[in-house]
file coords-v2.tsv (TSV, C-alpha atoms)
chain	number	residue	atom	x	y	z
A	18	MET	CA	-16.87	-109.81	38.57
A	19	VAL	CA	-18.12	-106.29	38.09
A	20	PHE	CA	-17.87	-104.69	34.64
A	21	LEU	CA	-17.81	-100.89	34.51
A	22	ILE	CA	-18.15	-99.23	31.13
A	23	GLY	CA	-18.56	-95.69	29.85
A	24	GLY	CA	-16.97	-92.93	27.81
A	25	SER	CA	-13.51	-91.68	28.75
A	26	ASN	CA	-13.29	-89.24	31.68
A	27	HIS	CA	-16.73	-90.11	32.99
A	28	GLY	CA	-15.46	-90.96	36.47
A	29	LYS	CA	-15.50	-94.74	36.25
A	30	LEU	CA	-12.52	-95.36	38.53
A	31	ASP	CA	-13.83	-92.91	41.14
A	32	PHE	CA	-17.18	-94.66	40.92
A	33	ALA	CA	-15.46	-97.98	41.60
A	34	ARG	CA	-13.56	-96.47	44.56
A	35	CYS	CA	-16.77	-95.08	46.09
A	36	VAL	CA	-19.15	-97.94	45.50
A	37	TYR	CA	-16.75	-100.79	46.13
A	38	LYS	CA	-14.69	-99.08	48.85
A	39	GLU	CA	-15.05	-101.90	51.35
A	40	MET	CA	-14.21	-104.54	48.84
A	41	LEU	CA	-11.06	-102.74	47.77
A	42	GLU	CA	-9.96	-102.07	51.36
A	43	VAL	CA	-10.47	-105.63	52.51
A	44	GLY	CA	-8.17	-106.96	49.87
A	45	ALA	CA	-5.15	-104.92	50.84
A	46	GLU	CA	-2.98	-107.09	48.69
A	47	TYR	CA	-5.37	-106.54	45.83
A	48	SER	CA	-4.17	-103.82	43.61
A	49	ILE	CA	-5.52	-101.39	41.07
A	50	CYS	CA	-3.80	-102.27	37.82
A	51	GLU	CA	-3.61	-99.93	34.86
A	52	GLY	CA	-3.98	-101.24	31.35
A	53	VAL	CA	-1.21	-98.97	30.19
A	54	ASN	CA	1.53	-100.65	32.26
A	55	VAL	CA	0.20	-103.88	33.78
A	56	THR	CA	2.27	-106.92	32.88
A	57	LEU	CA	0.80	-108.46	29.72
A	58	ASP	CA	0.45	-111.87	31.38
A	59	LEU	CA	-1.57	-110.13	34.13
A	60	PRO	CA	-0.79	-110.62	37.85
A	61	THR	CA	-2.54	-113.39	39.80
A	62	ARG	CA	-4.10	-110.98	42.29
A	63	ILE	CA	-6.05	-108.06	40.86
A	64	GLY	CA	-8.69	-105.89	42.54
A	65	VAL	CA	-9.34	-103.53	39.66
A	66	LEU	CA	-8.16	-103.64	36.08
A	67	ASN	CA	-8.55	-100.09	34.83
A	68	HIS	CA	-8.31	-99.08	31.16
A	69	LEU	CA	-8.95	-102.60	29.95
A	70	HIS	CA	-9.16	-101.29	26.36
A	71	ILE	CA	-5.54	-100.15	26.57
A	72	TYR	CA	-4.49	-103.62	27.77
A	73	ILE	CA	-6.34	-105.12	24.78
A	74	ARG	CA	-4.56	-102.69	22.48
A	75	ARG	CA	-1.14	-103.59	23.88
A	76	MET	CA	-1.87	-107.30	23.43
A	77	LEU	CA	-2.90	-106.68	19.81
A	78	GLU	CA	0.29	-104.69	19.20
A	79	GLU	CA	2.24	-107.70	20.44
A	80	GLY	CA	0.28	-110.05	18.17
A	81	ARG	CA	-1.26	-111.89	21.14
A	82	GLU	CA	-4.94	-111.50	20.28
A	83	ASN	CA	-5.81	-115.11	21.09
A	84	GLU	CA	-4.46	-114.85	24.63
A	85	ILE	CA	-6.53	-111.83	25.65
A	86	PHE	CA	-9.72	-113.47	26.81
A	87	PRO	CA	-8.04	-116.54	28.36
A	88	ASN	CA	-5.85	-114.15	30.40
A	89	LEU	CA	-8.92	-112.23	31.57
A	90	GLN	CA	-10.77	-115.45	32.32
A	91	ARG	CA	-7.88	-116.55	34.56
A	92	VAL	CA	-8.09	-113.23	36.42
A	93	ILE	CA	-11.83	-113.78	36.96
A	94	ASP	CA	-11.23	-117.33	38.19
A	95	ASN	CA	-8.57	-116.18	40.65
A	96	ASN	CA	-10.44	-113.03	41.71
A	97	PRO	CA	-14.21	-113.54	41.63
A	98	ASP	CA	-14.76	-109.96	42.88
A	99	VAL	CA	-12.49	-108.30	40.35
A	100	ILE	CA	-13.66	-105.05	38.73
A	101	PHE	CA	-12.94	-104.54	35.04
A	102	ILE	CA	-13.17	-100.99	33.71
A	103	THR	CA	-13.18	-100.05	30.05
A	104	ASP	CA	-13.85	-97.06	27.85
A	105	GLU	CA	-16.55	-97.63	25.26
A	106	ILE	CA	-14.45	-97.03	22.19
A	107	GLY	CA	-16.84	-98.29	19.51
A	108	TYR	CA	-19.01	-95.20	19.21
A	109	GLY	CA	-17.24	-93.17	16.55
A	110	ILE	CA	-16.70	-93.16	12.80
A	111	VAL	CA	-15.09	-96.41	11.65
A	112	PRO	CA	-11.37	-95.59	11.43
A	113	ILE	CA	-9.56	-95.62	8.07
A	114	ASP	CA	-6.50	-97.29	9.61
A	115	ALA	CA	-6.80	-101.10	9.53
A	116	PHE	CA	-5.23	-101.66	12.96
A	117	GLU	CA	-7.48	-99.05	14.61
A	118	ARG	CA	-10.49	-100.67	13.01
A	119	HIS	CA	-9.46	-104.11	14.19
A	120	TYR	CA	-8.72	-102.81	17.69
A	121	ARG	CA	-12.24	-101.37	18.01
A	122	GLU	CA	-13.85	-104.53	16.74
A	123	VAL	CA	-11.83	-106.88	19.00
A	124	THR	CA	-12.42	-104.68	22.04
A	125	GLY	CA	-16.17	-104.88	21.38
A	126	ARG	CA	-16.11	-108.67	21.03
A	127	ILE	CA	-14.03	-109.15	24.19
A	128	CYS	CA	-16.39	-106.84	26.08
A	129	CYS	CA	-19.36	-108.94	24.89
A	130	GLN	CA	-17.68	-112.00	26.44
A	131	ILE	CA	-16.95	-110.15	29.67
A	132	ALA	CA	-20.55	-108.87	29.81
A	133	LYS	CA	-21.78	-112.44	29.53
A	134	GLU	CA	-19.62	-113.48	32.51
A	135	ALA	CA	-20.24	-110.41	34.64
A	136	ASP	CA	-22.23	-110.63	37.87
A	137	ARG	CA	-22.98	-106.95	37.52
A	138	MET	CA	-22.50	-104.53	34.67
A	139	ILE	CA	-22.78	-100.78	35.12
A	140	ARG	CA	-22.50	-97.91	32.64
A	141	VAL	CA	-21.12	-94.76	34.20
A	142	VAL	CA	-22.13	-91.42	32.68
A	143	TYR	CA	-20.74	-88.28	34.36
A	144	GLY	CA	-20.09	-90.25	37.50
A	145	ILE	CA	-23.64	-91.67	37.68
A	146	GLY	CA	-24.04	-95.40	37.31
A	147	THR	CA	-26.85	-97.22	35.52
A	148	VAL	CA	-27.05	-100.94	36.15
A	149	LEU	CA	-27.38	-102.82	32.85
A	150	LYS	CA	-27.08	-106.32	34.24
A	151	GLU	CA	-27.41	-107.90	37.64
A	152	LYS	CA	-27.02	-111.62	38.16
A	153	LYS	CA	-29.63	-112.90	40.54
B	3	MET	CA	-43.98	-103.82	14.13
B	4	LEU	CA	-40.80	-101.85	13.43
B	5	VAL	CA	-37.79	-102.42	15.69
B	6	VAL	CA	-34.64	-100.31	15.37
B	7	VAL	CA	-31.45	-101.77	16.84
B	8	THR	CA	-28.36	-99.66	17.43
B	9	GLY	CA	-25.01	-100.10	19.17
B	10	GLY	CA	-21.28	-99.47	18.87
B	11	SER	CA	-18.92	-101.58	16.81
B	12	GLY	CA	-18.51	-105.12	18.08
B	13	SER	CA	-21.46	-104.64	20.44
B	14	GLY	CA	-23.36	-107.75	19.34
B	15	LYS	CA	-26.20	-105.75	17.76
B	16	SER	CA	-26.39	-107.94	14.63
B	17	GLU	CA	-26.69	-111.13	16.62
B	18	TYR	CA	-29.42	-109.56	18.73
B	19	ALA	CA	-31.28	-108.25	15.65
B	20	GLU	CA	-31.19	-111.69	14.02
B	21	SER	CA	-32.60	-113.45	17.04
B	22	ARG	CA	-35.23	-110.73	17.40
B	23	ILE	CA	-36.63	-111.06	13.87
B	24	VAL	CA	-36.71	-114.85	14.26
B	25	ALA	CA	-38.58	-114.44	17.56
B	26	LEU	CA	-41.06	-112.05	15.90
B	27	ARG	CA	-41.57	-114.56	13.10
B	28	GLU	CA	-42.27	-117.40	15.51
B	29	GLN	CA	-44.57	-115.18	17.56
B	30	TYR	CA	-46.46	-114.32	14.37
B	31	ARG	CA	-46.68	-118.00	13.50
B	32	GLU	CA	-48.17	-118.78	16.88
B	33	GLU	CA	-50.63	-115.86	16.88
B	34	ASN	CA	-51.92	-116.86	13.48
B	35	CYS	CA	-52.04	-120.58	14.22
B	36	MET	CA	-49.67	-121.42	11.39
B	37	ASP	CA	-47.97	-124.79	11.60
B	38	LEU	CA	-44.20	-125.14	11.83
B	39	GLU	CA	-43.94	-126.38	8.27
B	40	SER	CA	-45.54	-123.33	6.72
B	41	ASP	CA	-43.06	-120.98	5.17
B	42	ILE	CA	-42.79	-117.40	6.44
B	43	PRO	CA	-40.08	-115.85	4.24
B	44	THR	CA	-37.54	-113.93	6.33
B	45	TYR	CA	-35.49	-111.60	4.20
B	46	TYR	CA	-32.07	-110.36	5.12
B	47	ILE	CA	-31.47	-107.14	3.23
B	48	ALA	CA	-27.71	-106.66	3.02
B	49	THR	CA	-26.43	-103.18	2.23
B	50	MET	CA	-22.68	-103.77	2.49
B	51	HIS	CA	-20.63	-103.92	-0.68
B	52	ALA	CA	-17.82	-106.49	-0.69
B	53	PHE	CA	-14.97	-104.42	-2.08
B	54	ASP	CA	-11.88	-105.82	-0.35
B	55	GLU	CA	-10.70	-108.78	1.68
B	56	GLU	CA	-11.76	-107.24	4.98
B	57	THR	CA	-15.36	-106.62	3.91
B	58	ILE	CA	-15.53	-110.10	2.36
B	59	LYS	CA	-14.39	-111.57	5.69
B	60	ARG	CA	-16.89	-109.41	7.58
B	61	ILE	CA	-19.71	-110.53	5.31
B	62	GLU	CA	-18.62	-114.16	5.69
B	63	ARG	CA	-18.73	-113.84	9.47
B	64	HIS	CA	-22.28	-112.51	9.29
B	65	ARG	CA	-23.29	-115.25	6.83
B	66	ALA	CA	-21.99	-117.93	9.18
B	67	MET	CA	-23.92	-116.34	12.05
B	68	ARG	CA	-27.11	-116.37	9.97
B	69	ALA	CA	-26.77	-119.94	8.76
B	70	ASN	CA	-29.52	-122.18	10.20
B	71	LYS	CA	-31.80	-119.23	10.81
B	72	ARG	CA	-33.52	-119.64	7.44
B	73	PHE	CA	-32.85	-116.17	6.08
B	74	ARG	CA	-33.13	-115.30	2.41
B	75	THR	CA	-30.46	-112.80	1.56
B	76	LYS	CA	-31.15	-109.95	-0.83
B	77	GLU	CA	-28.38	-107.53	-1.63
B	78	GLN	CA	-29.66	-104.01	-2.02
B	79	TYR	CA	-26.99	-101.32	-1.79
B	80	THR	CA	-29.23	-98.38	-2.69
B	81	SER	CA	-32.91	-97.67	-3.41
B	82	LEU	CA	-34.87	-99.88	-1.03
B	83	GLN	CA	-37.94	-98.88	-3.05
B	84	LYS	CA	-36.86	-101.39	-5.70
B	85	LEU	CA	-37.39	-104.34	-3.35
B	86	GLU	CA	-40.27	-106.66	-4.13
B	87	LEU	CA	-40.77	-108.85	-1.06
B	88	LYS	CA	-44.41	-109.75	-0.77
B	89	LYS	CA	-45.67	-112.69	-2.78
B	90	GLU	CA	-49.41	-113.29	-3.17
B	91	ASN	CA	-50.23	-111.59	0.09
B	92	ASN	CA	-48.27	-114.15	2.13
B	93	PRO	CA	-46.71	-112.84	5.36
B	94	CYS	CA	-42.99	-112.08	5.44
B	95	MET	CA	-40.35	-110.68	7.79
B	96	VAL	CA	-37.47	-108.31	7.03
B	97	LEU	CA	-34.13	-107.69	8.68
B	98	LEU	CA	-32.30	-104.72	7.17
B	99	GLU	CA	-28.58	-104.40	7.90
B	100	CYS	CA	-27.39	-101.76	8.07
B	101	ILE	CA	-28.37	-98.10	7.84
B	102	SER	CA	-24.83	-96.71	8.12
B	103	ASN	CA	-23.84	-98.53	4.92
B	104	LEU	CA	-27.07	-97.61	3.17
B	105	VAL	CA	-26.54	-93.92	3.93
B	106	ALA	CA	-22.94	-94.07	2.68
B	107	ASN	CA	-24.09	-95.82	-0.50
B	108	GLU	CA	-26.88	-93.33	-1.18
B	109	LEU	CA	-24.45	-90.46	-0.59
B	110	TYR	CA	-21.38	-91.65	-2.48
B	111	GLN	CA	-22.23	-94.43	-4.92
B	112	ALA	CA	-22.72	-93.71	-8.62
B	113	ASP	CA	-26.34	-94.88	-8.43
B	114	GLY	CA	-26.92	-93.21	-5.05
B	115	CYS	CA	-29.86	-90.88	-4.59
B	116	ILE	CA	-27.70	-87.77	-4.18
B	117	LYS	CA	-26.32	-88.19	-7.72
B	118	ASN	CA	-29.94	-88.22	-8.88
B	119	GLY	CA	-30.76	-85.02	-7.06
B	120	LYS	CA	-32.83	-86.58	-4.26
B	121	ASP	CA	-32.88	-85.69	-0.57
B	122	CYS	CA	-31.16	-88.54	1.23
B	123	VAL	CA	-33.28	-88.64	4.39
B	124	SER	CA	-36.67	-88.58	2.70
B	125	TYR	CA	-35.48	-90.96	-0.03
B	126	ILE	CA	-34.44	-93.54	2.58
B	127	GLN	CA	-37.67	-92.97	4.48
B	128	MET	CA	-39.69	-93.74	1.36
B	129	GLY	CA	-37.65	-96.90	0.85
B	130	ILE	CA	-38.31	-98.03	4.42
B	131	LEU	CA	-42.04	-97.30	4.10
B	132	HIS	CA	-42.06	-99.29	0.85
B	133	CYS	CA	-40.58	-102.29	2.74
B	134	LEU	CA	-42.85	-101.82	5.76
B	135	SER	CA	-45.94	-101.91	3.57
B	136	GLN	CA	-44.95	-105.41	2.41
B	137	THR	CA	-43.94	-107.00	5.69
B	138	GLU	CA	-45.52	-107.98	8.99
B	139	HIS	CA	-42.44	-107.24	11.11
B	140	MET	CA	-39.24	-105.42	10.32
B	141	VAL	CA	-35.99	-105.05	12.26
B	142	ILE	CA	-33.49	-102.42	11.17
B	143	VAL	CA	-29.86	-102.32	12.33
B	144	THR	CA	-28.15	-98.97	12.52
B	145	ASN	CA	-24.90	-97.86	14.05
B	146	GLU	CA	-23.46	-95.48	16.61
B	147	VAL	CA	-20.84	-93.58	14.71
B	148	THR	CA	-21.43	-90.07	15.94
B	149	SER	CA	-21.12	-90.44	19.66
B	150	ASP	CA	-17.40	-90.02	20.28
B	151	GLY	CA	-17.47	-86.26	19.77
B	152	LEU	CA	-14.16	-86.16	17.92
B	153	ALA	CA	-13.37	-83.49	15.34
B	154	TYR	CA	-13.66	-85.04	11.91
B	155	ASP	CA	-13.21	-83.52	8.45
B	156	ALA	CA	-16.12	-81.74	6.75
B	157	GLU	CA	-17.06	-84.70	4.54
B	158	THR	CA	-17.26	-87.08	7.52
B	159	LEU	CA	-19.23	-84.54	9.53
B	160	HIS	CA	-21.70	-84.26	6.67
B	161	TYR	CA	-22.09	-88.06	6.63
B	162	SER	CA	-22.59	-88.08	10.42
B	163	LYS	CA	-25.24	-85.38	10.12
B	164	ILE	CA	-27.24	-87.26	7.48
B	165	LEU	CA	-26.93	-90.56	9.38
B	166	GLY	CA	-28.06	-88.81	12.55
B	167	GLU	CA	-31.11	-87.41	10.76
B	168	VAL	CA	-31.95	-90.82	9.29
B	169	ASN	CA	-31.65	-92.40	12.73
B	170	GLN	CA	-33.98	-89.79	14.23
B	171	MET	CA	-36.49	-90.40	11.45
B	172	LEU	CA	-36.33	-94.16	12.08
B	173	ALA	CA	-36.69	-93.75	15.85
B	174	LYS	CA	-39.79	-91.64	15.33
B	175	MET	CA	-41.38	-94.33	13.14
B	176	ALA	CA	-40.27	-97.27	15.30
B	177	ASP	CA	-42.32	-99.15	17.86
B	178	GLU	CA	-39.14	-100.05	19.68
B	179	VAL	CA	-35.61	-98.63	19.69
B	180	ILE	CA	-32.99	-100.77	21.38
B	181	GLU	CA	-29.34	-100.08	22.10
B	182	VAL	CA	-27.30	-103.25	22.40
B	183	ILE	CA	-24.44	-102.75	24.83
B	184	TYR	CA	-21.95	-105.63	24.69
B	185	GLY	CA	-24.75	-108.07	24.01
B	186	ILE	CA	-27.21	-106.58	26.52
B	187	PRO	CA	-30.35	-104.97	25.07
B	188	VAL	CA	-31.42	-101.66	26.60
B	189	TRP	CA	-34.75	-100.20	25.51
B	190	ILE	CA	-34.61	-96.53	24.51
B	191	LYS	CA	-38.18	-96.55	23.21
B	192	LYS	CA	-40.96	-99.00	23.84
B	193	GLU	CA	-44.46	-98.24	22.64
B	194	LYS	CA	-47.50	-99.74	24.25
B	195	VAL	CA	-49.05	-102.55	22.28
B	196	ARG	CA	-51.44	-101.02	19.78
call {"tool": "encode", "arguments": {"input": "coords-v2.tsv", "output": "structure tokens"}}
result
Amino acid sequence: MVFLIGGSNHGKLDFARCVYKEMLEVGAEYSICEGVNVTLDLPTRIGVLNHLHIYIRRMLEEGRENEIFPNLQRVIDNNPDVIFITDEIGYGIVPIDAFERHYREVTGRICCQIAKEADRMIRVVYGIGTVLKEKK
Amino acid sequence: MLVVVTGGSGSGKSEYAESRIVALREQYREENCMDLESDIPTYYIATMHAFDEETIKRIERHRAMRANKRFRTKEQYTSLQKLELKKENNPCMVLLECISNLVANELYQADGCIKNGKDCVSYIQMGILHCLSQTEHMVIVTNEVTSDGLAYDAETLHYSKILGEVNQMLAKMADEVIEVIYGIPVWIKKEKVR
């Protein structure tokens, strides 16, 4: 599993398309899923899960916090080469709204778990990737 | 040695900072041939006020994480210069968590330094120096709250500005500055061993 992180609009998905072109082409049945509309139970076959933070938010809105990581873990198990992409949303003033605060915190904790599992973790800034972790 | 640890919310920076100060303590023990039984006090300076259920829960979570690491907790919401840590010249370690709360307390609390006509950045710097003079190693946790570039109200922008200045002051003083990104430490500053 590859974990791509970075601020919004930093070109993370394009980076994934460029760097992992072959991987994405080989798995024609693999799809690029968007956090905003992917089914909450998550499909069995996934190539890229983009906007992971939005998926986490939707799960929280549905009161399904405890299912988030198990769902992601199942995706990893079924798709060892899956690419997860998330915005780094924890870098601003702590929000006054309780849900927004909780959302930021949970997203951070989930991302810590994903980082632990990741074979490779890359932060993308203005389209340029810096490798933060590489499993030997 | 002074280590400054930063990171976004939920990034795992506290956990990293705790393990780091414990590692520094054990390294010190080894370097000075102290046996495992000898006590090296490791203070956890907590700056967060418990004012509602959420902060109580947050503090509880941190307490549970610290259990078994032999920390001695001291609550100090403002004025670090009031801390008396060193006893009879014995070595001690300090973990301070966290700067973003300390700055808010100094700015807005009734006993904060602003109410007493002090400059926040230099007042906090004096407090840190006061702690440093009493300890062998110190780890300070701060926070990334100014990096999303959103438009906030004037009060919040003022807070961000002061926190940013405090962070710059700390980074200048520090031997190491580390950003923890989802549990992974990335060195922003690493001085050669002096």
call {"tool": "interface_residues", "arguments": {"input": "coords-v2.tsv", "of": "chain A", "to": "chain B", "cutoff": "10 Å", "atoms": "all atoms listed in the file", "output": "PDB file with C-alpha atoms, in the coordinates of the input"}}
result
ATOM      1  CA  ILE A  22     -18.150 -99.230  31.130  1.00  0.00           C
ATOM      2  CA  GLY A  24     -16.970 -92.930  27.810  1.00  0.00           C
ATOM      3  CA  SER A  25     -13.510 -91.680  28.750  1.00  0.00           C
ATOM      4  CA  GLU A 105     -16.550 -97.630  25.260  1.00  0.00           C
ATOM      5  CA  ILE A 106     -14.450 -97.030  22.190  1.00  0.00           C
ATOM      6  CA  GLY A 107     -16.840 -98.290  19.510  1.00  0.00           C
ATOM      7  CA  TYR A 108     -19.010 -95.200  19.210  1.00  0.00           C
ATOM      8  CA  GLY A 109     -17.240 -93.170  16.550  1.00  0.00           C
ATOM      9  CA  ILE A 110     -16.700 -93.160  12.800  1.00  0.00           C
ATOM     10  CA  VAL A 111     -15.090 -96.410  11.650  1.00  0.00           C
ATOM     11  CA  ALA A 115      -6.800-101.100   9.530  1.00  0.00           C
ATOM     12  CA  ARG A 118     -10.490-100.670  13.010  1.00  0.00           C
ATOM     13  CA  HIS A 119      -9.460-104.110  14.190  1.00  0.00           C
ATOM     14  CA  ARG A 121     -12.240-101.370  18.010  1.00  0.00           C
ATOM     15  CA  GLU A 122     -13.850-104.530  16.740  1.00  0.00           C
ATOM     16  CA  VAL A 123     -11.830-106.880  19.000  1.00  0.00           C
ATOM     17  CA  THR A 124     -12.420-104.680  22.040  1.00  0.00           C
ATOM     18  CA  GLY A 125     -16.170-104.880  21.380  1.00  0.00           C
ATOM     19  CA  ARG A 126     -16.110-108.670  21.030  1.00  0.00           C
ATOM     20  CA  ILE A 127     -14.030-109.150  24.190  1.00  0.00           C
ATOM     21  CA  CYS A 128     -16.390-106.840  26.080  1.00  0.00           C
ATOM     22  CA  CYS A 129     -19.360-108.940  24.890  1.00  0.00           C
ATOM     23  CA  GLN A 130     -17.680-112.000  26.440  1.00  0.00           C
ATOM     24  CA  ILE A 131     -16.950-110.150  29.670  1.00  0.00           C
ATOM     25  CA  ALA A 132     -20.550-108.870  29.810  1.00  0.00           C
ATOM     26  CA  LYS A 133     -21.780-112.440  29.530  1.00  0.00           C
ATOM     27  CA  MET A 138     -22.500-104.530  34.670  1.00  0.00           C
ATOM     28  CA  ARG A 140     -22.500 -97.910  32.640  1.00  0.00           C
ATOM     29  CA  LEU A 149     -27.380-102.820  32.850  1.00  0.00           C
ATOM     30  CA  LYS A 150     -27.080-106.320  34.240  1.00  0.00           C
TER      31      LYS A 150
END
call {"tool": "closest_residue", "arguments": {"input": "coords-v2.tsv", "among": "B:Glu77, B:Glu62, B:Glu193, B:Glu17", "to": "Tyr46 in chain B", "atoms": "all atoms listed in the file"}}
result
B:Glu77
call {"tool": "residues_around", "arguments": {"input": "coords-v2.tsv", "residues": "Tyr143 in chain A", "least_positions_apart": "4", "cutoff": "9 Å", "atoms": "only C-alpha atoms", "output": "list in words"}}
result
Gly23, Gly24, Asn26, His27, Gly28 and Lys29 of chain A
call {"tool": "residues_around", "arguments": {"input": "coords-v2.tsv", "residues": "Glu82 in chain A", "least_positions_apart": "5", "cutoff": "8 Å", "atoms": "all atoms listed in the file", "output": "number ranges by chain"}}
result
A: 73, 76-77
call {"tool": "residues_around", "arguments": {"input": "coords-v2.tsv", "residues": "Ala106 in chain B", "least_positions_apart": "5", "cutoff": "12 Å", "atoms": "only C-alpha atoms", "output": "JSON list (two decimals) with C-alpha atoms, keeping the file's coordinate frame"}}
result
[["chain", "number", "residue", "atom", "x", "y", "z"],
["A", 110, "ILE", "CA", -16.70, -93.16, 12.80],
["B", 49, "THR", "CA", -26.43, -103.18, 2.23],
["B", 50, "MET", "CA", -22.68, -103.77, 2.49],
["B", 51, "HIS", "CA", -20.63, -103.92, -0.68],
["B", 79, "TYR", "CA", -26.99, -101.32, -1.79],
["B", 80, "THR", "CA", -29.23, -98.38, -2.69],
["B", 100, "CYS", "CA", -27.39, -101.76, 8.07],
["B", 101, "ILE", "CA", -28.37, -98.10, 7.84],
["B", 111, "GLN", "CA", -22.23, -94.43, -4.92],
["B", 112, "ALA", "CA", -22.72, -93.71, -8.62],
["B", 113, "ASP", "CA", -26.34, -94.88, -8.43],
["B", 114, "GLY", "CA", -26.92, -93.21, -5.05],
["B", 115, "CYS", "CA", -29.86, -90.88, -4.59],
["B", 116, "ILE", "CA", -27.70, -87.77, -4.18],
["B", 122, "CYS", "CA", -31.16, -88.54, 1.23],
["B", 123, "VAL", "CA", -33.28, -88.64, 4.39],
["B", 126, "ILE", "CA", -34.44, -93.54, 2.58],
["B", 157, "GLU", "CA", -17.06, -84.70, 4.54],
["B", 158, "THR", "CA", -17.26, -87.08, 7.52],
["B", 160, "HIS", "CA", -21.70, -84.26, 6.67],
["B", 161, "TYR", "CA", -22.09, -88.06, 6.63],
["B", 162, "SER", "CA", -22.59, -88.08, 10.42],
["B", 163, "LYS", "CA", -25.24, -85.38, 10.12],
["B", 164, "ILE", "CA", -27.24, -87.26, 7.48],
["B", 165, "LEU", "CA", -26.93, -90.56, 9.38],
["B", 168, "VAL", "CA", -31.95, -90.82, 9.29]]
call {"tool": "atom_distance", "arguments": {"input": "coords-v2.tsv", "atom1": "CA of Met67 in chain B", "atom2": "CA of Ser135 in chain B"}}
result
27.7 Å
call {"tool": "atom_distance", "arguments": {"input": "coords-v2.tsv", "atom1": "CA of Leu4 in chain B", "atom2": "CA of Tyr45 in chain B"}}
result
14.4 Å
call {"tool": "atom_distance", "arguments": {"input": "coords-v2.tsv", "atom1": "CA of Val141 in chain A", "atom2": "CA of Phe32 in chain A"}}
result
7.8 Å
call {"tool": "residues_near_point", "arguments": {"input": "coords-v2.tsv", "point": "(-30.9, -121.0, 12.0)", "cutoff": "12 Å", "atoms": "only C-alpha atoms", "output": "list in words"}}
result
Glu17, Glu20, Ser21, Ile23, Val24, Ala25, Thr44, Arg65, Ala66, Met67, Arg68, Ala69, Asn70, Lys71, Arg72, Phe73 and Arg74 of chain B
call {"tool": "residues_around", "arguments": {"input": "coords-v2.tsv", "residues": "range 53-64 of chain A", "least_positions_apart": "2", "cutoff": "10 Å", "atoms": "only C-alpha atoms", "output": "PDB file with C-alpha atoms, keeping the file's coordinate frame"}}
result
ATOM      1  CA  MET A  18     -16.870-109.810  38.570  1.00  0.00           C
ATOM      2  CA  MET A  40     -14.210-104.540  48.840  1.00  0.00           C
ATOM      3  CA  LEU A  41     -11.060-102.740  47.770  1.00  0.00           C
ATOM      4  CA  GLU A  42      -9.960-102.070  51.360  1.00  0.00           C
ATOM      5  CA  GLY A  44      -8.170-106.960  49.870  1.00  0.00           C
ATOM      6  CA  ALA A  45      -5.150-104.920  50.840  1.00  0.00           C
ATOM      7  CA  GLU A  46      -2.980-107.090  48.690  1.00  0.00           C
ATOM      8  CA  TYR A  47      -5.370-106.540  45.830  1.00  0.00           C
ATOM      9  CA  SER A  48      -4.170-103.820  43.610  1.00  0.00           C
ATOM     10  CA  ILE A  49      -5.520-101.390  41.070  1.00  0.00           C
ATOM     11  CA  CYS A  50      -3.800-102.270  37.820  1.00  0.00           C
ATOM     12  CA  GLU A  51      -3.610 -99.930  34.860  1.00  0.00           C
ATOM     13  CA  LEU A  66      -8.160-103.640  36.080  1.00  0.00           C
ATOM     14  CA  ASN A  67      -8.550-100.090  34.830  1.00  0.00           C
ATOM     15  CA  HIS A  68      -8.310 -99.080  31.160  1.00  0.00           C
ATOM     16  CA  LEU A  69      -8.950-102.600  29.950  1.00  0.00           C
ATOM     17  CA  HIS A  70      -9.160-101.290  26.360  1.00  0.00           C
ATOM     18  CA  ILE A  71      -5.540-100.150  26.570  1.00  0.00           C
ATOM     19  CA  TYR A  72      -4.490-103.620  27.770  1.00  0.00           C
ATOM     20  CA  ILE A  73      -6.340-105.120  24.780  1.00  0.00           C
ATOM     21  CA  ARG A  74      -4.560-102.690  22.480  1.00  0.00           C
ATOM     22  CA  ARG A  75      -1.140-103.590  23.880  1.00  0.00           C
ATOM     23  CA  MET A  76      -1.870-107.300  23.430  1.00  0.00           C
ATOM     24  CA  GLU A  79       2.240-107.700  20.440  1.00  0.00           C
ATOM     25  CA  ARG A  81      -1.260-111.890  21.140  1.00  0.00           C
ATOM     26  CA  GLU A  84      -4.460-114.850  24.630  1.00  0.00           C
ATOM     27  CA  ILE A  85      -6.530-111.830  25.650  1.00  0.00           C
ATOM     28  CA  ASN A  88      -5.850-114.150  30.400  1.00  0.00           C
ATOM     29  CA  LEU A  89      -8.920-112.230  31.570  1.00  0.00           C
ATOM     30  CA  ARG A  91      -7.880-116.550  34.560  1.00  0.00           C
ATOM     31  CA  VAL A  92      -8.090-113.230  36.420  1.00  0.00           C
ATOM     32  CA  ILE A  93     -11.830-113.780  36.960  1.00  0.00           C
ATOM     33  CA  ASP A  94     -11.230-117.330  38.190  1.00  0.00           C
ATOM     34  CA  ASN A  95      -8.570-116.180  40.650  1.00  0.00           C
ATOM     35  CA  ASN A  96     -10.440-113.030  41.710  1.00  0.00           C
ATOM     36  CA  PRO A  97     -14.210-113.540  41.630  1.00  0.00           C
ATOM     37  CA  ASP A  98     -14.760-109.960  42.880  1.00  0.00           C
ATOM     38  CA  VAL A  99     -12.490-108.300  40.350  1.00  0.00           C
ATOM     39  CA  ILE A 100     -13.660-105.050  38.730  1.00  0.00           C
ATOM     40  CA  PHE A 101     -12.940-104.540  35.040  1.00  0.00           C
TER      41      PHE A 101
END
